$ cat input-v6.txt   # compact mmCIF, C-alpha atoms (C1' of nucleotides)
# COMPACT_ATOMS: atom_id res chain seq x y z
CA MET A 1 -24.24 -27.71 -32.08
CA LYS A 2 -20.68 -28.23 -33.24
CA GLU A 3 -19.17 -30.91 -35.43
CA ALA A 4 -17.32 -33.74 -33.75
CA ASP A 5 -14.15 -32.90 -35.64
CA ALA A 6 -14.35 -29.15 -35.03
CA ILE A 7 -11.03 -27.43 -34.44
CA LYS A 8 -10.38 -25.04 -31.60
CA LEU A 9 -8.35 -22.11 -32.91
CA PHE A 10 -5.87 -19.99 -31.04
CA ILE A 11 -6.12 -16.31 -31.99
CA GLY A 12 -3.03 -14.23 -31.27
CA GLN A 13 -1.95 -10.61 -31.67
CA ILE A 14 -5.24 -9.07 -30.72
CA PRO A 15 -5.31 -5.64 -29.08
CA ARG A 16 -6.01 -5.84 -25.38
CA ASN A 17 -8.96 -3.51 -25.64
CA LEU A 18 -10.94 -5.88 -27.87
CA GLU A 19 -13.45 -8.13 -26.13
CA GLU A 20 -15.53 -10.99 -27.48
CA LYS A 21 -18.17 -8.68 -28.92
CA ASP A 22 -15.53 -6.75 -30.86
CA LEU A 23 -13.87 -9.90 -32.17
CA LYS A 24 -17.04 -11.66 -33.24
CA PRO A 25 -17.63 -9.60 -36.42
CA ILE A 26 -14.11 -10.34 -37.62
CA PHE A 27 -14.62 -14.09 -37.43
CA GLU A 28 -18.27 -14.83 -38.08
CA GLN A 29 -17.90 -14.15 -41.80
CA PHE A 30 -16.31 -17.61 -42.03
CA GLY A 31 -19.14 -19.46 -40.37
CA LYS A 32 -21.22 -19.87 -37.26
CA ILE A 33 -19.20 -19.42 -34.10
CA TYR A 34 -19.65 -22.05 -31.43
CA GLU A 35 -17.45 -20.41 -28.81
CA LEU A 36 -15.19 -17.37 -28.63
CA THR A 37 -13.26 -16.61 -25.46
CA VAL A 38 -10.72 -13.90 -24.78
CA ILE A 39 -7.97 -15.28 -22.59
CA LYS A 40 -7.59 -13.44 -19.31
CA ASP A 41 -5.24 -13.83 -16.41
CA LYS A 42 -6.75 -16.14 -13.85
CA TYR A 43 -5.94 -13.85 -10.92
CA THR A 44 -5.83 -10.32 -12.24
CA GLY A 45 -8.37 -10.67 -15.01
CA MET A 46 -5.93 -8.94 -17.32
CA HIS A 47 -6.56 -9.41 -21.05
CA LYS A 48 -3.70 -11.46 -22.44
CA GLY A 49 -3.98 -10.33 -26.03
CA CYS A 50 -5.19 -13.65 -27.37
CA ALA A 51 -8.31 -15.76 -27.57
CA PHE A 52 -9.76 -19.18 -28.35
CA LEU A 53 -12.27 -19.63 -31.12
CA THR A 54 -14.29 -22.69 -32.07
CA TYR A 55 -16.58 -22.72 -35.10
CA CYS A 56 -19.49 -25.10 -35.32
CA ALA A 57 -17.99 -26.43 -38.53
CA ARG A 58 -14.47 -27.68 -39.03
CA GLU A 59 -14.49 -26.15 -42.51
CA SER A 60 -15.09 -22.65 -41.08
CA ALA A 61 -11.98 -22.96 -38.95
CA LEU A 62 -9.88 -23.97 -41.93
CA LYS A 63 -11.28 -21.08 -43.98
CA ALA A 64 -10.63 -18.56 -41.20
CA GLN A 65 -7.10 -19.82 -40.71
CA SER A 66 -6.19 -19.53 -44.38
CA ALA A 67 -7.87 -16.16 -44.79
CA LEU A 68 -6.56 -14.51 -41.63
CA HIS A 69 -3.43 -16.15 -40.24
CA GLU A 70 -0.59 -13.65 -40.62
CA GLN A 71 -2.70 -11.87 -43.24
CA LYS A 72 -3.56 -8.64 -41.50
CA THR A 73 -2.47 -6.67 -38.47
CA LEU A 74 -5.04 -5.37 -36.02
CA PRO A 75 -4.80 -1.70 -34.99
CA GLY A 76 -2.03 -1.05 -32.50
CA MET A 77 -0.29 -4.39 -33.03
CA ASN A 78 3.20 -4.81 -34.42
CA ARG A 79 2.72 -8.31 -35.75
CA PRO A 80 0.02 -9.87 -37.89
CA ILE A 81 -2.89 -11.72 -36.36
CA GLN A 82 -2.36 -15.41 -35.57
CA VAL A 83 -5.10 -17.90 -36.37
CA LYS A 84 -4.11 -21.52 -35.90
CA PRO A 85 -5.15 -24.65 -34.06
CA ALA A 86 -4.74 -24.24 -30.30
CA ASP A 87 -1.98 -26.18 -28.59
CA SER A 88 -4.64 -28.28 -26.92
CA GLU A 89 -5.61 -29.59 -30.37
CA SER A 90 -2.24 -31.12 -31.09
CA ARG A 91 -1.04 -34.40 -29.86
CA GLY A 92 2.13 -34.51 -27.91
CA ASP A 93 5.33 -32.57 -27.88
CA ARG A 94 6.46 -31.78 -31.40
CA LYS A 95 8.20 -28.46 -31.13
CA LEU A 96 11.97 -28.34 -31.13
CA PHE A 97 14.42 -25.77 -29.95
CA VAL A 98 17.47 -25.60 -32.18
CA GLY A 99 20.52 -23.96 -30.70
CA MET A 100 24.06 -23.25 -31.88
CA LEU A 101 23.06 -22.20 -35.35
CA GLY A 102 25.33 -19.88 -37.27
CA LYS A 103 24.18 -16.27 -37.30
CA GLN A 104 23.82 -16.37 -41.08
CA GLN A 105 21.30 -19.16 -41.28
CA THR A 106 17.80 -18.26 -42.40
CA ASP A 107 14.44 -19.89 -41.76
CA GLU A 108 14.84 -21.61 -45.10
CA ASP A 109 18.29 -23.01 -44.27
CA VAL A 110 16.94 -24.44 -41.06
CA ARG A 111 13.87 -25.83 -42.78
CA LYS A 112 16.04 -27.65 -45.32
CA MET A 113 18.05 -29.19 -42.53
CA PHE A 114 14.92 -30.56 -40.80
CA GLU A 115 12.76 -31.45 -43.81
CA PRO A 116 14.12 -34.98 -44.20
CA PHE A 117 12.56 -35.96 -40.87
CA GLY A 118 8.95 -35.03 -41.49
CA SER A 119 6.39 -32.35 -42.26
CA ILE A 120 7.25 -29.00 -40.75
CA ASP A 121 4.41 -26.81 -39.46
CA GLU A 122 6.54 -23.89 -38.36
CA CYS A 123 10.17 -22.93 -38.65
CA THR A 124 11.47 -19.65 -37.24
CA VAL A 125 14.93 -18.36 -36.55
CA LEU A 126 14.83 -16.12 -33.46
CA ARG A 127 15.97 -12.61 -34.11
CA GLY A 128 16.64 -9.56 -31.99
CA PRO A 129 14.94 -6.21 -32.55
CA ASP A 130 17.60 -5.29 -35.09
CA GLY A 131 16.98 -8.46 -37.08
CA THR A 132 20.18 -10.17 -36.01
CA SER A 133 19.85 -13.91 -35.56
CA LYS A 134 20.04 -15.11 -31.99
CA GLY A 135 21.62 -18.28 -33.29
CA CYS A 136 18.65 -20.42 -32.42
CA ALA A 137 15.30 -21.41 -33.87
CA PHE A 138 12.03 -23.19 -33.24
CA VAL A 139 10.96 -25.98 -35.54
CA LYS A 140 7.54 -27.59 -35.18
CA PHE A 141 6.85 -30.93 -36.82
CA GLN A 142 3.43 -32.40 -37.35
CA THR A 143 4.12 -35.30 -35.03
CA HIS A 144 6.16 -36.10 -31.96
CA ALA A 145 7.80 -39.02 -33.76
CA GLU A 146 9.13 -36.80 -36.53
CA ALA A 147 10.52 -34.38 -33.98
CA GLN A 148 12.18 -37.21 -32.09
CA ALA A 149 13.73 -38.53 -35.30
CA ALA A 150 15.23 -35.11 -35.99
CA ILE A 151 16.73 -35.00 -32.51
CA ASN A 152 18.23 -38.43 -32.90
CA SER A 153 19.92 -37.57 -36.16
CA LEU A 154 20.86 -33.93 -35.75
CA HIS A 155 21.63 -33.20 -32.10
CA GLY A 156 25.36 -32.77 -31.70
CA SER A 157 25.89 -34.02 -35.24
CA ARG A 158 27.93 -31.08 -36.51
CA THR A 159 29.29 -27.68 -35.62
CA LEU A 160 28.02 -24.88 -37.83
CA PRO A 161 30.30 -22.09 -38.99
CA GLY A 162 30.27 -19.29 -36.45
CA ALA A 163 28.80 -21.45 -33.66
CA SER A 164 30.78 -22.06 -30.50
CA SER A 165 29.78 -25.68 -30.11
CA SER A 166 27.90 -28.46 -31.81
CA LEU A 167 24.31 -28.17 -32.94
CA VAL A 168 21.67 -28.43 -30.21
CA VAL A 169 18.34 -30.05 -31.08
CA LYS A 170 15.90 -30.69 -28.25
CA PHE A 171 12.25 -30.29 -27.37
CA ALA A 172 11.43 -26.65 -26.66
CA ASP A 173 10.95 -25.57 -23.07
CA THR A 174 7.57 -26.08 -21.54
CA GLU A 175 5.77 -23.16 -19.98
CA LYS A 176 7.00 -24.31 -16.58
CA GLU A 177 10.62 -24.41 -17.67
CA ARG A 178 10.30 -20.98 -19.17
CA GLY A 179 9.01 -19.65 -15.86
CA LEU A 180 12.04 -21.01 -14.08
CA ARG A 181 14.34 -19.55 -16.68
CA ARG A 182 12.74 -16.16 -16.27
CA MET A 183 13.22 -16.25 -12.55
CA GLN A 184 16.84 -17.12 -12.95
CA GLN A 185 17.14 -14.09 -15.18
CA VAL A 186 15.55 -11.97 -12.48
CA ALA A 187 18.00 -13.38 -9.97
CA ASN A 188 20.89 -12.47 -12.25
CA GLN A 189 19.45 -9.04 -12.78
CA LEU A 190 19.41 -8.52 -9.04
CA GLY A 191 23.12 -9.15 -8.88
CA MET A 192 23.22 -12.69 -7.61
CA PHE A 193 25.86 -14.16 -9.78
CA SER A 194 26.75 -17.54 -8.40
CA PRO A 195 24.53 -20.27 -7.05
CA MET A 196 26.55 -20.28 -3.83
CA THR A 197 26.07 -16.59 -3.21
CA LEU A 198 22.45 -16.97 -3.99
CA GLN A 199 21.87 -19.83 -1.62
CA PHE A 200 23.84 -18.30 1.19
CA GLY A 201 22.30 -14.87 0.90
CA ALA A 202 18.85 -16.27 0.55
CA TYR A 203 19.14 -18.56 3.51
CA SER A 204 20.43 -15.99 5.96
CA ALA A 205 17.95 -13.39 4.80
CA TYR A 206 15.18 -15.88 4.97
CA THR A 207 15.88 -17.19 8.46
CA GLN A 208 16.15 -13.66 9.76
CA ALA A 209 12.90 -12.77 8.16
CA VAL A 210 11.16 -15.76 9.66
CA ARG A 211 12.55 -15.07 13.09
CA LYS A 212 11.36 -11.51 12.80
CA CYS A 213 7.85 -12.73 12.22
CA SER A 214 7.72 -15.08 15.15
CA PRO A 215 5.93 -13.74 18.20
CA GLY A 216 8.23 -12.76 21.03
CA CYS A 217 11.31 -12.92 18.94
CA SER A 218 13.10 -9.94 17.58
CA SER A 219 16.08 -9.75 15.37
CA ASN A 220 17.94 -6.56 14.69
CA ALA A 221 20.21 -8.08 12.11
CA TYR A 222 20.66 -5.99 9.03
CA LEU A 223 19.11 -7.44 5.93
CA ASN A 224 20.88 -6.71 2.73
CA PRO A 225 18.09 -5.65 0.38
CA MET A 226 19.44 -7.72 -2.45
CA ALA A 227 19.80 -10.75 -0.21
CA THR A 228 16.22 -10.17 0.82
CA MET A 229 15.15 -10.11 -2.77
CA ALA A 230 17.22 -13.24 -3.22
CA ALA A 231 15.16 -14.89 -0.55
CA VAL A 232 12.03 -14.13 -2.50
CA GLN A 233 13.53 -15.57 -5.64
CA MET A 234 14.79 -18.67 -3.90
CA GLN A 235 11.43 -19.41 -2.42
CA GLN A 236 9.87 -19.07 -5.81
CA MET A 237 12.34 -21.37 -7.45
CA ALA A 238 12.13 -23.92 -4.69
CA ALA A 239 8.35 -23.93 -4.86
CA LEU A 240 8.39 -24.31 -8.60
CA ASN A 241 11.03 -26.97 -8.60
CA ALA A 242 9.25 -29.08 -6.09
CA ASN A 243 5.73 -28.89 -7.44
CA GLY A 244 5.77 -27.38 -10.84
CA LEU A 245 3.30 -25.07 -9.24
CA ILE A 246 3.32 -22.21 -6.86
CA ALA A 247 2.91 -23.74 -3.46
CA THR A 248 -0.10 -22.74 -1.44
CA PRO A 249 1.12 -20.78 1.53
CA ILE A 250 0.74 -22.54 4.83
CA THR A 251 1.94 -19.57 6.82
CA PRO A 252 -0.18 -16.51 7.55
CA ILE A 253 -1.37 -14.49 4.62
CA THR A 254 -1.67 -10.88 5.39
CA PRO A 255 -3.94 -8.43 3.65
CA SER A 256 -1.75 -5.35 3.70
CA SER A 257 -4.80 -3.20 3.36
CA GLY A 258 -6.80 -5.00 6.03
CA THR A 259 -7.93 -2.75 8.81
CA SER A 260 -8.62 -5.43 11.38
CA THR A 261 -5.28 -7.18 11.09
CA PRO A 262 -2.98 -6.79 14.08
CA PRO A 263 -0.24 -4.29 13.23
CA THR A 264 2.62 -6.66 13.91
CA ILE A 265 1.32 -9.03 11.30
CA ALA A 266 -0.01 -6.42 8.93
CA ALA A 267 3.47 -5.16 8.30
CA THR A 268 4.86 -8.62 7.65
CA PRO A 269 4.98 -9.64 4.03
CA VAL A 270 7.36 -12.53 4.37
CA PRO A 271 4.77 -15.08 5.43
CA ALA A 272 2.76 -14.12 2.39
CA LEU A 273 5.40 -15.86 0.33
CA PRO A 274 4.94 -19.51 -0.45
CA ALA A 275 6.21 -22.03 1.99
CA PRO A 276 9.72 -22.71 0.79
CA ILE A 277 10.46 -26.30 0.05
CA GLY A 278 13.78 -26.98 1.69
CA VAL A 279 16.53 -29.23 0.51
CA ASN A 280 15.71 -32.91 0.94
CA GLY A 281 12.15 -32.11 1.81
CA TYR A 282 13.03 -30.25 4.96
CA SER A 283 10.92 -27.19 5.30
CA PRO A 284 12.34 -24.42 7.46
CA VAL A 285 8.95 -22.79 7.86
CA PRO A 286 7.17 -23.27 11.14
CA THR A 287 3.45 -23.65 10.66
CA GLN A 288 1.92 -20.91 12.70
CA ALA A 289 -1.26 -21.35 14.62
CA ASN A 290 -2.82 -18.13 13.40
CA GLY A 291 -2.15 -18.93 9.79
CA GLN A 292 -5.40 -20.60 9.03
CA ALA A 293 -7.63 -17.79 10.13
CA ALA A 294 -5.71 -15.30 8.06
CA SER A 295 -5.91 -17.50 5.00
CA GLU A 296 -9.61 -17.95 5.33
CA THR A 297 -10.13 -14.23 5.52
CA ILE A 298 -8.43 -13.82 2.20
CA TYR A 299 -10.30 -16.57 0.47
CA ALA A 300 -13.57 -15.22 1.77
CA ASN A 301 -12.84 -12.04 -0.09
CA GLY A 302 -12.25 -14.03 -3.22
CA VAL A 303 -8.75 -12.69 -3.44
CA HIS A 304 -5.66 -14.77 -2.90
CA PRO A 305 -2.92 -12.18 -2.77
CA TYR A 306 0.05 -14.42 -3.04
CA PRO A 307 -0.71 -16.47 -6.12
CA ALA A 308 -2.10 -13.29 -7.59
CA ALA A 309 1.06 -11.37 -7.08
CA TYR A 310 3.89 -13.64 -8.05
CA PRO A 311 2.78 -15.68 -11.02
CA ALA A 312 1.39 -12.51 -12.50
CA ALA A 313 4.56 -10.70 -11.69
CA TYR A 314 6.82 -13.27 -13.23
CA GLY A 315 4.64 -13.62 -16.22
CA LEU A 316 5.51 -10.05 -16.94
CA VAL A 317 9.21 -10.26 -16.47
CA SER A 318 9.93 -10.90 -20.11
CA GLN A 319 8.08 -7.72 -20.88
CA ALA A 320 9.63 -5.87 -18.02
CA PHE A 321 13.20 -6.23 -19.15
CA PRO A 322 12.75 -4.84 -22.63
CA GLN A 323 10.98 -2.00 -20.84
CA GLN A 324 14.02 -1.42 -18.73
CA ALA A 325 16.19 -1.40 -21.82
CA THR A 326 13.89 1.21 -23.27
CA ILE A 327 14.33 3.43 -20.25
CA VAL A 328 18.10 3.22 -20.49
CA THR A 329 17.97 4.15 -24.16
CA GLN A 330 15.75 7.09 -23.46
CA GLN A 331 18.19 8.39 -20.92
CA HIS A 332 20.93 8.34 -23.50
CA GLN A 333 18.86 10.03 -26.09
CA GLN A 334 17.54 12.82 -23.95
CA PRO A 335 19.66 13.08 -20.82
CA GLN A 336 18.34 16.57 -20.07
CA GLN A 337 14.70 15.79 -19.67
CA GLN A 338 13.87 12.18 -19.04
CA GLN A 339 10.17 12.47 -18.58
CA GLN A 340 8.59 11.63 -15.25
CA ARG A 341 5.77 9.61 -16.64
CA GLU A 342 2.83 9.01 -14.41
CA GLY A 343 0.59 6.07 -15.12
CA PRO A 344 -3.19 6.13 -15.10
CA GLU A 345 -5.11 6.30 -11.81
CA GLY A 346 -4.35 3.20 -9.76
CA CYS A 347 -1.04 2.47 -11.51
CA ASN A 348 1.19 4.70 -9.40
CA ILE A 349 2.57 3.64 -6.07
CA PHE A 350 4.22 5.48 -3.23
CA ILE A 351 7.13 3.81 -1.47
CA TYR A 352 8.38 5.00 1.91
CA HIS A 353 11.23 3.81 4.15
CA LEU A 354 13.54 3.09 1.26
CA PRO A 355 17.13 2.50 2.32
CA GLN A 356 19.12 5.72 2.20
CA GLU A 357 21.38 4.33 -0.50
CA PHE A 358 18.60 3.23 -2.86
CA THR A 359 18.67 5.00 -6.19
CA ASP A 360 16.12 5.15 -9.00
CA SER A 361 17.73 2.16 -10.62
CA GLU A 362 17.65 0.00 -7.51
CA MET A 363 14.05 0.86 -6.87
CA LEU A 364 13.30 0.09 -10.51
CA GLN A 365 14.91 -3.33 -10.14
CA MET A 366 12.95 -4.02 -7.03
CA PHE A 367 9.63 -3.37 -8.79
CA LEU A 368 10.35 -4.72 -12.26
CA PRO A 369 9.14 -8.20 -11.40
CA PHE A 370 5.61 -6.88 -10.98
CA GLY A 371 5.11 -5.44 -14.43
CA ASN A 372 6.04 -2.78 -16.90
CA VAL A 373 7.58 0.03 -14.92
CA ILE A 374 7.14 3.27 -16.80
CA SER A 375 8.81 5.42 -14.18
CA ALA A 376 10.76 4.95 -10.94
CA LYS A 377 11.86 8.02 -9.02
CA VAL A 378 13.52 8.30 -5.63
CA PHE A 379 13.07 11.78 -4.19
CA VAL A 380 16.28 13.57 -3.42
CA ASP A 381 16.99 16.57 -1.22
CA ARG A 382 18.02 19.44 -3.46
CA ALA A 383 20.58 20.83 -1.05
CA THR A 384 22.34 17.67 0.03
CA ASN A 385 21.58 15.36 -2.88
CA GLN A 386 20.62 12.76 -0.30
CA SER A 387 17.66 10.44 -0.80
CA LYS A 388 14.59 11.42 1.15
CA CYS A 389 13.94 7.70 1.48
CA PHE A 390 10.73 7.76 -0.46
CA GLY A 391 9.80 7.55 -4.10
CA PHE A 392 7.20 6.73 -6.68
CA VAL A 393 6.93 3.90 -9.15
CA SER A 394 4.44 3.92 -12.02
CA PHE A 395 3.23 0.85 -13.85
CA ASP A 396 1.25 0.73 -17.06
CA ASN A 397 -1.66 -1.09 -15.46
CA PRO A 398 -3.39 -1.25 -12.06
CA ALA A 399 -2.92 -5.00 -11.63
CA SER A 400 0.86 -4.64 -11.58
CA ALA A 401 0.58 -1.83 -9.04
CA GLN A 402 -1.64 -4.00 -6.84
CA ALA A 403 0.74 -6.95 -7.18
CA ALA A 404 3.64 -4.73 -6.15
CA ILE A 405 1.74 -3.37 -3.15
CA GLN A 406 0.63 -6.81 -2.11
CA ALA A 407 4.11 -8.28 -2.24
CA MET A 408 6.25 -5.36 -1.14
CA ASN A 409 4.24 -3.42 1.46
CA GLY A 410 5.89 -4.14 4.78
CA PHE A 411 8.87 -5.75 3.10
CA GLN A 412 11.70 -5.71 5.59
CA ILE A 413 14.92 -4.01 4.62
CA GLY A 414 17.43 -3.46 7.36
CA MET A 415 15.53 -2.44 10.45
CA LYS A 416 12.70 -0.86 8.52
CA ARG A 417 9.76 -2.07 6.56
CA LEU A 418 8.74 -0.56 3.28
CA LYS A 419 5.47 1.27 3.16
CA VAL A 420 4.01 0.66 -0.28
CA GLN A 421 0.62 2.07 -1.19
CA LEU A 422 -1.21 3.70 -4.04
CA LYS A 423 -0.08 7.23 -4.72
CA ARG A 424 -2.75 9.64 -3.61
CA PRO A 425 -4.39 11.68 -6.34
CA LYS A 426 -2.98 15.17 -6.42
CA ASP A 427 -6.12 16.88 -5.19
CA ALA A 428 -6.96 14.50 -2.37
CA ASN A 429 -6.07 14.98 1.26
CA ARG A 430 -4.99 18.56 0.95
CA PRO A 431 -7.13 20.25 3.59
CA TYR A 432 -4.70 23.12 4.17
C1' DT B 1 21.18 -20.58 -27.47
C1' DT B 2 14.10 -20.30 -25.41
C1' DT B 3 9.52 -16.86 -28.66
C1' DT B 4 3.96 -12.46 -28.70
C1' DA B 5 0.23 -14.81 -25.99
C1' DT B 6 -2.54 -21.36 -25.07
C1' DT B 7 -8.59 -21.32 -20.72
$ encode --input "input-v6.txt" --output "structure tokens"
Amino acid sequence: MKEADAIKLFIGQIPRNLEEKDLKPIFEQFGKIYELTVIKDKYTGMHKGCAFLTYCARESALKAQSALHEQKTLPGMNRPIQVKPADSESRGDRKLFVGMLGKQQTDEDVRKMFEPFGSIDECTVLRGPDGTSKGCAFVKFQTHAEAQAAINSLHGSRTLPGASSSLVVKFADTEKERGLRRMQQVANQLGMFSPMTLQFGAYSAYTQAVRKCSPGCSSNAYLNPMATMAAVQMQQMAALNANGLIATPITPITPSSGTSTPPTIAATPVPALPAPIGVNGYSPVPTQANGQAASETIYANGVHPYPAAYPAAYGLVSQAFPQQATIVTQQHQQPQQQQQREGPEGCNIFIYHLPQEFTDSEMLQMFLPFGNVISAKVFVDRATNQSKCFGFVSFDNPASAQAAIQAMNGFQIGMKRLKVQLKRPKDANRPY
DNA sequence: TTTTATT
């Protein structure tokens, strides 16, 4: 069916509305297609804008790559289509991150510097939206050995003009490391500046939250919303650090929409977070007897809300921040009428029991981790200018809205718990 | 000073 030396291609920069049937005509002109798969998010099913393609013949793959790679841009895309061997086709780690470049250096300058060590597949200086160099680059060699040789010779070997320290040459971050980096950025964004603050805030918020969830135990302690968010972040980081994976929750999972769930648990999102891995292997989470039943309920539905919510959410963070920047810019450009954009049906959520002091921007921050926020509005009393303690957040897709609901409904802030649900359509529930 | 994505 396919040749033994067939190449699996990675196809990038494809519009998210194109499915296999739409893509097929573009590629079959180069030969018989063995397999073509659009890549979708494991949990949300969201189209990731890329695909894998294997031709029956190796030659077809080579022809398609040379004819299409970076040669045309599909409708709605800003960058040209990518057609190249999938990562799974390459052997070993051969991609380098190069830091501490001067801002003036071009792709060609960097290429010249690395050429002596082997054949370079890709060489790109990272640039911001305005085209300014970020002072770093990615260089991909054909083999791991070549990359290693470049590290050995170049790392720390010199300080380029305009750089603040000596040249950095190392293997590029893995996907896992990038995830961690993104979460640290989220933590910073939430105002947690030092590791000490972060640990302290997270621990106290976390223990209070756990106590609150234990039967027969009540805590009236005030939870700083940012410390509470810190707790979420910390648990994520701990889980990732320990396993390289999101830990499977051992504590009760709670379907926020479940009708048969006891109210005390239904409003408790904290156990839906992964079991934190404590320092030195100590886990502060008590395993609760009712946890298993709750978990099974979820799996029976085929939906695992926790892994769905957070990996998906953090996968979107890198998109979420540019989005936030966009919002800020828009406010400057048209301060009079920043549009209240509403997303499509299923993308808009209603949030009640917000802390009195929460503003649009704080609510935005709280929901950014779940996707592209296109609008975040706290409702304010006209007369007093005081928050009415509720608001609306709109995402650009329903999966983000569901992730936000799943993770944040019932989230404890102070003595209250957030109510987070889909915004009702305008015409519904208006009997009077 | 870490990217537009890799089942």
$ residues_around --input "input-v6.txt" --residues "Leu53 of chain A" --least-positions-apart "6" --cutoff "6 Å" --atoms "only C-alpha atoms (C1' of nucleotides)" --output "list in words"
Lys8, Leu9, Glu35 and Leu36 of chain A
$ residues_around --input "input-v6.txt" --residues "Ser88 of chain A" --least-positions-apart "6" --cutoff "12 Å" --atoms "only C-alpha atoms (C1' of nucleotides)" --output "PyMOL selection string"
(chain A and resi 7-10+52) or (chain B and resi 6-7)
$ closest_residue --input "input-v6.txt" --among "A:Lys24, A:Arg178, A:Lys170, A:Lys416" --to "DT2 of chain B" --atoms "only C-alpha atoms (C1' of nucleotides)"
A:Arg178
$ residues_around --input "input-v6.txt" --residues "DT3 of chain B" --least-positions-apart "4" --cutoff "10 Å" --atoms "only C-alpha atoms (C1' of nucleotides)" --output "PDB file with C-alpha atoms, in the frame of the given file"
ATOM      1  CA  THR A 124      11.470 -19.650 -37.240  1.00  0.00           C
ATOM      2  CA  VAL A 125      14.930 -18.360 -36.550  1.00  0.00           C
ATOM      3  CA  LEU A 126      14.830 -16.120 -33.460  1.00  0.00           C
ATOM      4  CA  ARG A 127      15.970 -12.610 -34.110  1.00  0.00           C
ATOM      5  CA  ALA A 137      15.300 -21.410 -33.870  1.00  0.00           C
ATOM      6  CA  PHE A 138      12.030 -23.190 -33.240  1.00  0.00           C
TER       7      PHE A 138
END
$ residues_around --input "input-v6.txt" --residues "segment 341-350 of chain A" --least-positions-apart "5" --cutoff "7 Å" --atoms "only C-alpha atoms (C1' of nucleotides)" --output "ChimeraX atom specification"
/A:374-375,391-398,401,420-423
$ residues_around --input "input-v6.txt" --residues "segment 94-104 of chain A" --least-positions-apart "4" --cutoff "6 Å" --atoms "all atoms listed in the file" --output "list in words"
Ser133, Gly135, Cys136, Ala137, Phe138, Val139, Lys140, Phe141, Thr143, His144, Ala147, Leu160, Pro161, Gly162, Ala163, Leu167, Val168, Val169, Lys170, Phe171 and Ala172 of chain A; DT1 of chain B
$ atom_distance --input "input-v6.txt" --atom1 "atom CA of Asp5 of chain A" --atom2 "atom CA of Thr54 of chain A"
10.8 Å
$ closest_residue --input "input-v6.txt" --among "A:Ala4, A:Met408, A:Ile14, A:Met46" --to "DT4 of chain B" --atoms "all atoms listed in the file"
A:Ile14
$ atom_distance --input "input-v6.txt" --atom1 "atom CA of Glu28 of chain A" --atom2 "atom CA of Asn78 of chain A"
24.0 Å
$ closest_residue --input "input-v6.txt" --among "A:Glu357, A:Ile81, A:Phe27, A:Ala67" --to "chain B" --atoms "only C-alpha atoms (C1' of nucleotides)"
A:Ile81
$ closest_residue --input "input-v6.txt" --among "A:Asn385, A:Gln406, A:Gln65, A:Gln365" --to "Leu418 of chain A" --atoms "all atoms listed in the file"
A:Gln406
$ build_atoms --input "input-v6.txt" --residues "segment 68-79 of chain A" --atoms "N, CA and C atoms" --output "tab-separated table (two decimals), keeping the file's coordinate frame"
chain	number	residue	atom	x	y	z
A	68	LEU	N	-7.01	-15.51	-42.60
A	68	LEU	CA	-6.56	-14.51	-41.63
A	68	LEU	C	-5.15	-14.69	-41.09
A	69	HIS	N	-4.71	-15.93	-40.93
A	69	HIS	CA	-3.43	-16.15	-40.24
A	69	HIS	C	-2.29	-15.38	-40.90
A	70	GLU	N	-1.70	-14.48	-40.14
A	70	GLU	CA	-0.59	-13.65	-40.62
A	70	GLU	C	-0.98	-12.78	-41.82
A	71	GLN	N	-2.28	-12.60	-42.04
A	71	GLN	CA	-2.70	-11.87	-43.24
A	71	GLN	C	-2.98	-10.40	-43.00
A	72	LYS	N	-3.35	-10.06	-41.77
A	72	LYS	CA	-3.56	-8.64	-41.50
A	72	LYS	C	-3.15	-8.33	-40.07
A	73	THR	N	-2.90	-7.07	-39.80
A	73	THR	CA	-2.47	-6.67	-38.47
A	73	THR	C	-3.54	-5.78	-37.86
A	74	LEU	N	-4.01	-6.15	-36.69
A	74	LEU	CA	-5.04	-5.37	-36.02
A	74	LEU	C	-4.45	-4.05	-35.50
A	75	PRO	N	-5.29	-3.03	-35.39
A	75	PRO	CA	-4.80	-1.70	-34.99
A	75	PRO	C	-3.99	-1.75	-33.69
A	76	GLY	N	-2.86	-1.13	-33.70
A	76	GLY	CA	-2.03	-1.05	-32.50
A	76	GLY	C	-1.08	-2.22	-32.31
A	77	MET	N	-1.17	-3.22	-33.16
A	77	MET	CA	-0.29	-4.39	-33.03
A	77	MET	C	0.90	-4.25	-33.98
A	78	ASN	N	2.01	-4.87	-33.57
A	78	ASN	CA	3.20	-4.81	-34.42
A	78	ASN	C	3.32	-6.02	-35.33
A	79	ARG	N	2.62	-7.08	-34.97
A	79	ARG	CA	2.72	-8.31	-35.75
A	79	ARG	C	1.34	-8.70	-36.25
